[in-house]
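Here's the structure, in structure tokens; my notes come after.
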Amino acid sequence: MTVNRKGSGLGAVFLVLFVDLIGFSLVFPLFPGMLTWYADQDGGLLAWLMRPVDHFFPGVDPWQRAALFGGLLGAVYAMLQFVAAPFWGRLSDRYGRRPILLVSLAGSFLSNLIWVFAGDFAVLVLSRLLAGAMTGNVAVANAAVADLTTVENRSRGMAAVGMAFGLGFILGPALGGQLAAVRLDLWLPSLVPIGLNPFSAPALFACVLAGINLAWVAWSFSETLPPERRGQGSGPVRVTNPLLIFRNDLPPQVHAVNLAFFTHTLLFGGLEMTLGFLAAQSLGLGVAAIGFMFGGMGVGSALVQGAVVRPFGERIGMARLATIGFAMHIVGFALLALIPSHPSLSLLVAAVAVQALATGLVFPSLATLVSLAAPPERQGFAMGTFRSASSLGRAFGPLVLAVAYFASPALPYWIGAVGMVVPILLIRRVRPKA
């Protein structure tokens, strides 16, 4: 089997993540419409889940109710990510990056295919469960970047991963907003009995992207982990117990960064889940406008990673860049908290721009710090715990901040502004090698 040498292959990793993130982020602008449509179905899982909400809060604003639904669906997906990420990362340390990427992308393809025919809410939940369980590609791709780079240029490699995320979030939500207008269930009514629904067009597009990604990896992605470096990691902690991501035999600095990333993702994941509802409720924005808003966040994130992190990250220092990013998040959250009482499109644009720039600084900085702190033979496991910490944040963040939004549309953003102080304090303890 051919193994890539250092300095080559980053483009392949970039494309894998870029295409996958487009498919993943398609769903963000769809949550308000999905709740309305699935809630109109008689009985079923969603009706059972929302019955206590309707009983105890009969007069609640529909947008706040919808935000609670979005938080529930996001938590289901992220909890499976939390459990699975270290597992796939450790397997990639043992068997190589390429086969694990193939398995995870095949799972992504199948989950999106199920989503195409998710006419029932229970089937939609099944598709999200499978997608979360099979999402090993991000952790493995981060480990592949570590294989392909040296300590000196690790930050540039991780910035490329971050740019893939940013660019994926540019196109994904924007495409999701536009594809929501394509009603395959009206074009092909004969397939409605087997589950075709108003959101089948975005789901089918995500399915096609996953299929292209799978074919691309199978055809042209070369292994990045040499055979002599596989299975070298040792230690008493079994990766199948994800609750030990902050207590295992990895260096303490890895745990500090993981805890900072968990806190960041808990707060920012809740923002991603509630922001569309805030824009719709306070400013009356539609699905397409919300899609472009998320796309704008991706543009800002990608720009700062390409224009700041890649050329200047090593000079400025990754811990310092992360701290600047967290401080910017505080400002962005505070601006969002003002919107319910002072509705303003300009205020929303300013808040989204600040949040985008902050994310562009935080993600590649933290990924670089974890990679530099981890032993070379345990990159897959370390990046798996890194992604698992993020997934744990995404499991609780959307639900916790959706409940806060349910209480008051401004509350989740005040929580975010105060909460971002925690990762600043954690990163102060990190002393990277480079």
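Chains: A, B, ... in order of the structure tokens. Residues: from 1 per chain. Ligands: from 1, in order shown.
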So that each row is one residue of segment 176-198 of chain A with an atom at most 12 Å from segment 27-43 of chain A, can you give its shortest atom pair and the distance in Å to one decimal, using only C-alpha atoms, rows by chain and rising number, as CSV?
residue,atom,partner,partner_atom,distance
A:Gly176,CA,A:Val27,CA,6.2
A:Gly177,CA,A:Pro29,CA,5.8
A:Gln178,CA,A:Pro29,CA,9.6
A:Leu179,CA,A:Leu30,CA,9.7
A:Ala180,CA,A:Leu30,CA,7.3
A:Ala181,CA,A:Leu30,CA,10.6
A:Asn197,CA,A:Trp37,CA,9.2
A:Pro198,CA,A:Trp37,CA,8.2
Writer output for current selection, C-alpha atoms, as a PDB file, in the first residue's frame:
ATOM      1  CA  GLY A 176     -29.742  23.811   2.263  1.00  0.00           C
ATOM      2  CA  GLY A 177     -31.782  27.005   2.253  1.00  0.00           C
ATOM      3  CA  GLN A 178     -32.134  26.924  -1.529  1.00  0.00           C
ATOM      4  CA  LEU A 179     -32.785  23.184  -1.804  1.00  0.00           C
ATOM      5  CA  ALA A 180     -35.611  23.480   0.732  1.00  0.00           C
ATOM      6  CA  ALA A 181     -37.651  25.031  -2.088  1.00  0.00           C
ATOM      7  CA  ASN A 197     -40.916  14.300   2.181  1.00  0.00           C
ATOM      8  CA  PRO A 198     -40.457  18.084   1.753  1.00  0.00           C
TER       9      PRO A 198
END
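The shortest atom-to-atom distance to Arg394 of chain A, with only C-alpha atoms taken into account, belongs to A:Met273 out of A:Leu250, A:Leu130, A:Met273, A:Ala288.
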task: Would you mind writing down, as a PyMOL selection string, each residue of segment 79-326 of chain A that DSSP on the backbone assigns to alpha helix (DSSP H)?
output: chain A and resi 79-95+97-116+121-133+137-148+154-179+184-187+200-220+252-283+287-304+310-316+318-326
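Among the candidates A:Ser200, A:Gln81, A:Thr224, A:Ser388, the one nearest to Val145 of chain A when counting only C-alpha atoms is A:Thr224.
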From the list A:Leu148, A:Ala210, A:Leu15, A:Leu278, the nearest residue to Leu345 of chain A using only C-alpha atoms is A:Leu278
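For the pair atom CA of Gln64 of chain A and atom CA of Phe406 of chain A, the separation is 4.8 Å.
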request  = Would you list the contacts of Tyr77 of chain A as a ChimeraX atom specification, taking every protein, DNA or RNA residue within 12 Å and counting only C-alpha atoms, but skipping same-chain residues closer than 6 positions in sequence?
outcome  = /A:24,70-71,83-84,111,124-135,391-399
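Each of A:Val422, A:Val257, A:Val161, A:Leu283 was compared to Ser390 of chain A using only C-alpha atoms, and A:Val257 turns out to be the nearest.
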The residue from A:Val254, A:Gly298, A:Ala160, A:Ala410 with the smallest atom-to-atom distance to His342 of chain A, counting only C-alpha atoms, is A:Ala410
Leu80 of chain A proximity check over A:Arg387, A:Leu225, A:Val19, A:Leu372, using only C-alpha atoms: winner is A:Arg387
Tell me which protein, DNA and RNA residues are within 9 Å of segment 303-307 of chain A, counting only C-alpha atoms, leaving out same-chain ones fewer than 2 positions away, and put them as number ranges by chain. A: 159-160, 162-163, 166, 298-301, 309-312, 356-361, 364
Q: Would you kindly return, as number ranges by chain, each protein, DNA or RNA residue with an atom no farther than 12 Å from any atom of Ala141 of chain A, considering only C-alpha atoms and excluding same-chain residues fewer than 4 positions away?
A: A: 9-18, 20, 85, 88-89, 92-93, 96-102, 104-105, 135-137, 145-148, 157-158, 160-162, 164-165, 217, 221, 223-225, 367, 379-381, 383-384, 387
Output for the residues just chosen: C-alpha atoms as an mmCIF file, in the first residue's frame:
data_model
loop_
_atom_site.group_PDB
_atom_site.id
_atom_site.type_symbol
_atom_site.label_atom_id
_atom_site.label_comp_id
_atom_site.auth_asym_id
_atom_site.auth_seq_id
_atom_site.Cartn_x
_atom_site.Cartn_y
_atom_site.Cartn_z
ATOM 1 C CA GLY A 9 -1.667 14.745 0.601
ATOM 2 C CA LEU A 10 -3.108 17.727 2.500
ATOM 3 C CA GLY A 11 -5.228 18.578 -0.516
ATOM 4 C CA ALA A 12 -6.892 15.155 -0.352
ATOM 5 C CA VAL A 13 -7.692 15.579 3.349
ATOM 6 C CA PHE A 14 -9.022 19.080 2.657
ATOM 7 C CA LEU A 15 -11.408 17.807 -0.032
ATOM 8 C CA VAL A 16 -12.674 14.936 2.124
ATOM 9 C CA LEU A 17 -13.606 17.305 4.955
ATOM 10 C CA PHE A 18 -14.884 20.080 2.701
ATOM 11 C CA ASP A 20 -18.423 16.100 4.100
ATOM 12 C CA ALA A 85 -14.893 9.626 17.815
ATOM 13 C CA TRP A 88 -12.520 5.480 15.276
ATOM 14 C CA GLY A 89 -9.396 7.463 16.133
ATOM 15 C CA SER A 92 -7.038 4.419 12.683
ATOM 16 C CA ASP A 93 -3.890 4.237 14.847
ATOM 17 C CA GLY A 96 -4.399 3.032 9.191
ATOM 18 C CA ARG A 97 -6.343 6.145 8.218
ATOM 19 C CA ARG A 98 -7.669 5.073 4.815
ATOM 20 C CA PRO A 99 -9.817 2.036 5.802
ATOM 21 C CA ILE A 100 -11.433 3.925 8.692
ATOM 22 C CA LEU A 101 -12.222 6.854 6.404
ATOM 23 C CA LEU A 102 -13.881 4.449 3.975
ATOM 24 C CA SER A 104 -17.122 6.252 8.135
ATOM 25 C CA LEU A 105 -17.952 7.713 4.728
ATOM 26 C CA THR A 135 -18.676 10.009 12.036
ATOM 27 C CA GLY A 136 -15.059 8.961 12.317
ATOM 28 C CA ASN A 137 -13.826 10.958 9.368
ATOM 29 C CA VAL A 145 -2.768 15.908 8.870
ATOM 30 C CA ALA A 146 -0.475 15.139 11.802
ATOM 31 C CA ASP A 147 1.006 12.256 9.751
ATOM 32 C CA LEU A 148 1.646 14.569 6.815
ATOM 33 C CA GLY A 157 -1.911 21.818 8.280
ATOM 34 C CA MET A 158 -4.539 22.284 10.969
ATOM 35 C CA ALA A 160 -6.152 23.837 6.185
ATOM 36 C CA VAL A 161 -8.532 21.531 8.092
ATOM 37 C CA GLY A 162 -10.185 24.587 9.618
ATOM 38 C CA ALA A 164 -12.301 23.045 4.968
ATOM 39 C CA PHE A 165 -14.756 23.436 7.846
ATOM 40 C CA VAL A 217 -11.272 8.229 -1.004
ATOM 41 C CA PHE A 221 -6.645 8.705 -1.085
ATOM 42 C CA GLU A 223 -2.551 5.825 3.336
ATOM 43 C CA THR A 224 -0.719 8.376 5.512
ATOM 44 C CA LEU A 225 0.266 6.169 8.461
ATOM 45 C CA ALA A 367 -6.255 21.337 17.047
ATOM 46 C CA GLN A 379 -2.135 11.069 17.089
ATOM 47 C CA GLY A 380 -5.287 9.200 16.081
ATOM 48 C CA PHE A 381 -6.331 8.579 19.668
ATOM 49 C CA MET A 383 -7.434 13.688 17.850
ATOM 50 C CA GLY A 384 -10.256 11.246 18.579
ATOM 51 C CA ARG A 387 -13.266 15.450 18.522
#
message = So that I can see what lies close to Tyr405 of chain A, please list as a list in words the residues with an atom at most 9 Å from it, counting only C-alpha atoms and leaving out residues fewer than 5 positions away in the same chain.
response = Gln64, Ala67, Leu68, Thr274, Leu278, Val400, Ala410, Leu411, Pro412 and Tyr413 of chain A
Output file for the residues above (C-alpha atoms, as an mmCIF file, in the first residue's frame):
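Okay, again_26.cif is ready:
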data_model
loop_
_atom_site.group_PDB
_atom_site.id
_atom_site.type_symbol
_atom_site.label_atom_id
_atom_site.label_comp_id
_atom_site.auth_asym_id
_atom_site.auth_seq_id
_atom_site.Cartn_x
_atom_site.Cartn_y
_atom_site.Cartn_z
ATOM 1 C CA GLN A 64 -38.972 29.048 21.067
ATOM 2 C CA ALA A 67 -35.599 25.904 19.076
ATOM 3 C CA LEU A 68 -36.225 23.217 21.680
ATOM 4 C CA THR A 274 -30.556 28.739 18.155
ATOM 5 C CA LEU A 278 -33.373 34.198 16.726
ATOM 6 C CA VAL A 400 -28.972 23.375 27.187
ATOM 7 C CA ALA A 410 -31.478 36.535 25.053
ATOM 8 C CA LEU A 411 -30.475 34.112 27.815
ATOM 9 C CA PRO A 412 -28.361 31.611 25.795
ATOM 10 C CA TYR A 413 -26.142 34.400 24.492
#
